[in-house]
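Contents: one structure, followed by commentary.
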Amino acid sequence: MPRPVRTDTGRPMTPGVRAILGLWLGGLLLAALLLVLRGELITDLRGFTPDLGDTAGIPLDPGAGPAGRMLLLAVEGGSAEQRAVASDALVDALRADPAVARVRNGRPELDDRALEFVLAHRYLLSPRVTPGQFTTEALSAHLGERREDLSSAVPRMPRELIARDPTAESLAVLEQLTAQAGAERGAHGVWVSADGGRALLLVQTIAEGMDLDAQAGLLERLRDQFRALEAEHAVAERSLGLRIGGPAAIAVAARDGIRGEVARFSLLASLALAALLLGVFRSPHPVWLAALPLGSAVLAGAAAVTLVFGHLHGIALAFGVTVLGIALDYPLHLFVHHDRARSGGVRAVARELWPAIALGAASTMLVYALMALTDFSGMAQMGLFVLVGIAVAAATTRWVLPVLIPSHLQHAGMPLARVALPAWVLHPPRVARAGLGGLVLAAVAVIATTSPFPWEDDLAALSPIPEEQVALDRDLREALGLPDVRHALLVTAPTAEQALRASEALAPWLDALRAAGGLGHFDHPARVLPSQAAQHARQAALPEPGVLRERLARAGNGLGFSEGAFEPFVEDVARAREQALLEPEGLPDGLLRGALEPLLVPPEAGPSWMAWIRLGGVRDPQALGALPDPDALVGARLPAEASLRHVDFRQASEDLVTGFRDQALERLGIGLVAILVLLLLVTRAPRRSLRILAAVVSGLLLTVATLILLGVSLSLFHLIALLLVTGLCLDYAVFFSRPLADAAARRRNFVSVFVCALSTLVVFGLLGLSSLPVLQAMGLTVVPGVVFSLLAAALLAPARGAAAAGMRHPEP
């Protein structure tokens, strides 16, 4: 006959205990299966942010578009010839990579198909096609140049194309398509830096710049390919080296730096926390038992977010786990109260502590429930993650931990916690409470009189990227003449034709701005594909075949060309006069489409085409903001349906952070009011409820004022840390406000809160030593937050007389 299953106490496991363990293990198994089968951890920043668009639905994502998808490569070391050879080898390798849309190093990138398309449509594409291009005088000059090409060892125009294209329109189109403003070609035909010490390449990726996983994979393959080249072309004195810049490279480096630092500090914090618990309890069991509620909370929170949103963002996971640090307090309360000086089993202790744990958890959950309801994707994910996690951690502490505690500790209890409390903590003098009130009033004065309030909305200020990497990116960008990563002009219109015509209409104004020194260079989609109106005007500029033959005969007089030598040219012009006009959809894959797609974006979900006008060398941003009157600028050429705006990507990023901050502050304010209502409903004790809320508000005010006095600019990460401080202070205040008449129980209650505070101080104190601004901001906020929260909660705790009265008249 099988023996009955027994608990750690030696008694048979009851059906209720079996059900509790079954539900817990089953829930964890389901959560793990959901994450394995459907889990998707994304790092694309657009998955964390709201839709960066205005009321017209125009995306203003600074990580999207052509600027965010550019990688800037520099080959260093070796000789100029070796750098050029390595540059060409990289081009060949990258063109075979499916993640690369386009790669350039200054050499022509045409294949036969692309060349034939350009030849066939050169008169629609060339900006030089005007009536003056085909006068007798102009044709005579062109034919003279072609005669020089025939006698030159290095002709400008390939000899086989002279009969078809004596005016060199195909060269004009190719030079316009392959030109890179500001980039210099070296002696070996590739782009080089101004001092000639670097060979430069420009890579356009298929993935968006903020799709960091895809970008990281491409960067790793790129480095592997270059290592092979470096070994092949190394020289005795100097080996080749590769430097990489661009927004995607910087973002990947930032993420990797954060990951490495987080991993190191997580290990250090775990070891320090384990050492603290071993020192306090002199037993290994609290170490692994305390991890169960936290681990269960993380698993359940991740599964809930995946189930609701279809994915889990890495930022929401990282910040969510950080905020869930409050879940570690729940088992520590249980361990401290279940000591050897106290009679009764652990389940009785858990049952006694449950009202306080539940009240603190429910109060914290209120704040995050409000965040989960926001339309801000990242905030909603973090809110749901913490909401579910806190509920699971509290429930695990209440019903699961008492069953899993080893049998010899079930009734004997944990060793007494070694924490020395000063007498003033247990019996704070009245003057201490008055001093707290004075500090809070001073904090309010500091916050109220600080103008402007030191918000830090520029995420670049918190970047972990060294200045050397930023300087490299700036140098490569200037050497290649790339567009400005901050400023652009955006034209929107219902049709591609209207968008192209509008971008053409802006060219004179931009030329004037460039001439005035406010702008270095610019690029627009009509440079690649002219509007059909411009194409039609070019067709009208082409002479009739008979007229062209007559002019050619006069122009070639005395140059030695045989009669009819340029008949292919006449035939091409005649065909171009009747040729179908080009549209974006009709361009073949290759050079033209690759150059146009980043600048002319078709509507995906909205009604508008978008024409991006990329700007470089911006020296007068205010002039860009003061856009000209379209009608006064170009009259009837600008379609009435087209709109124009100046896009400041940095401002868009700061607006994003501001929106997150404002929503978080709004939810925090509403949450504090909701917490007061909850406390009043549950405790039915207005004085106790006000004490708890006063402790929370005092802790937050003192923390913020301290950061201001230290000269800290408060960022998004300080705000998230303050949300954690709110939860911690709620936990401390709820436990300190418990009506306990027995001195031993009162001391045990204070010890449990101090152990919780010590564990948090150890973890976040280490983070405050981090070199990463993000981790440092979290640590430097939580450490004073814990100190002030503990101080406020202890000083606002009810006195012994009030506690005794509370025991005689317990609250429901």
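By convention in this document, the chains of the structure tokens carry letters A, B, ... by their order, each chain's residues are numbered from 1, and ligands are numbered from 1 in the order they are shown.
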**OP:** Write down as a PyMOL selection string the residues of range 486-554 of chain A whose backbone DSSP state falls under alpha helix (DSSP H).
**Re:** chain A and resi 496-515+525-528+532-541+545-554
Original post:
Which polymer residues have any atom within 10 Å of an atom of Leu709 in chain A, counting only C-alpha atoms, with same-chain residues fewer than 6 positions away left out, as a list in words?
Top reply: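 The neighbour list is Ala443, Val446, Ile447 and Thr450 of chain A.
Taking range 532-662 of chain A and asking which residues DSSP calls strand (DSSP E) on the backbone, you get Leu600, Val601, Trp609, Met610, Ala611, Trp612, Ile613, Arg614, Leu615, Gly616, Ser643, Leu644, Arg645, His646, Val647 and Asp648 of chain A.
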Original post:
Hey, what's within 10 Å of Arg614 in chain A if we count only C-alpha atoms and toss same-chain stuff fewer than 6 positions away? As a list in words, please?
Top reply: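 Here the answer would be Pro66, Ala67, Leu482, Pro483, Asp484, Val485, Arg486, His487, Ala488, Leu489, Leu490, His521, Phe522, Asp523, His524, Pro525, Pro598 and Leu599 of chain A.
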**OP:** Could you check which of A:Asp589, A:Val440, A:Glu456, A:Gly279 is closest to Glu654 in chain A, using only C-alpha atoms?
**Re:**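 Closest candidate: A:Glu456.
Distances here use only C-alpha atoms; by that measure, the residue among A:Met414, A:Leu143, A:Val17, A:Leu124 closest to Phe561 in chain A is A:Leu143.
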Original post:
Which polymer residues have any atom within 10 Å of an atom of Ala120 in chain A, counting only C-alpha atoms, with same-chain residues fewer than 6 positions away left out, as a PyMOL selection string?
Top reply: chain A and resi 114+170+572-573+575-576+579
Let me see the file: selected residues, all heavy atoms, as a CSV table (one decimal), in the first residue's frame.
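Result file follows (part-v7.csv):
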```
chain,number,residue,atom,x,y,z
A,114,ALA,N,21.2,47.7,-65.4
A,114,ALA,CA,21.0,49.1,-64.9
A,114,ALA,C,21.6,50.1,-65.9
A,114,ALA,O,21.0,51.2,-66.1
A,114,ALA,CB,21.7,49.3,-63.5
A,170,SER,N,24.0,60.2,-70.3
A,170,SER,CA,24.1,59.0,-69.4
A,170,SER,C,25.1,59.2,-68.3
A,170,SER,O,24.9,58.8,-67.2
A,170,SER,CB,24.4,57.7,-70.2
A,170,SER,OG,25.7,57.9,-70.9
A,572,ASP,N,17.7,57.5,-80.8
A,572,ASP,CA,17.4,57.5,-79.3
A,572,ASP,C,16.6,58.8,-79.0
A,572,ASP,O,15.7,58.7,-78.2
A,572,ASP,CB,18.7,57.4,-78.5
A,572,ASP,CG,19.3,56.0,-78.4
A,572,ASP,OD1,18.6,55.1,-79.0
A,572,ASP,OD2,20.4,55.9,-77.8
A,573,VAL,N,17.0,59.9,-79.5
A,573,VAL,CA,16.3,61.1,-79.2
A,573,VAL,C,14.8,61.0,-79.7
A,573,VAL,O,13.9,61.5,-79.1
A,573,VAL,CB,17.0,62.3,-79.8
A,573,VAL,CG1,16.1,63.6,-79.7
A,573,VAL,CG2,18.3,62.6,-79.1
A,575,ARG,N,13.0,58.3,-80.1
A,575,ARG,CA,12.3,57.4,-79.3
A,575,ARG,C,12.0,58.1,-77.9
A,575,ARG,O,10.9,58.0,-77.4
A,575,ARG,CB,13.1,56.2,-79.0
A,575,ARG,CG,13.0,55.1,-80.1
A,575,ARG,CD,13.5,53.8,-79.6
A,575,ARG,NE,15.0,53.9,-79.4
A,575,ARG,CZ,15.9,53.6,-80.3
A,575,ARG,NH1,15.6,53.3,-81.5
A,575,ARG,NH2,17.2,53.7,-80.0
A,576,ALA,N,12.9,58.9,-77.4
A,576,ALA,CA,12.7,59.6,-76.1
A,576,ALA,C,11.5,60.6,-76.2
A,576,ALA,O,10.8,60.8,-75.2
A,576,ALA,CB,14.0,60.3,-75.6
A,579,GLN,N,8.5,58.5,-75.6
A,579,GLN,CA,8.7,57.5,-74.5
A,579,GLN,C,7.7,57.7,-73.4
A,579,GLN,O,7.3,58.8,-73.1
A,579,GLN,CB,10.1,57.7,-73.9
A,579,GLN,CG,10.7,56.5,-73.2
A,579,GLN,CD,12.2,56.7,-73.0
A,579,GLN,OE1,12.7,57.8,-72.8
A,579,GLN,NE2,12.9,55.6,-73.0
```
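A straight line drawn from CA of Leu582 in chain A to CA of Arg122 in chain A is 11.1 Å long.
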Subject >> Interatomic distance (Å, one decimal) between CA of Leu37 in chain A and CA of Ala297 in chain A >> reply: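 Separating CA of Leu37 in chain A from CA of Ala297 in chain A is a distance of 19.3 Å.
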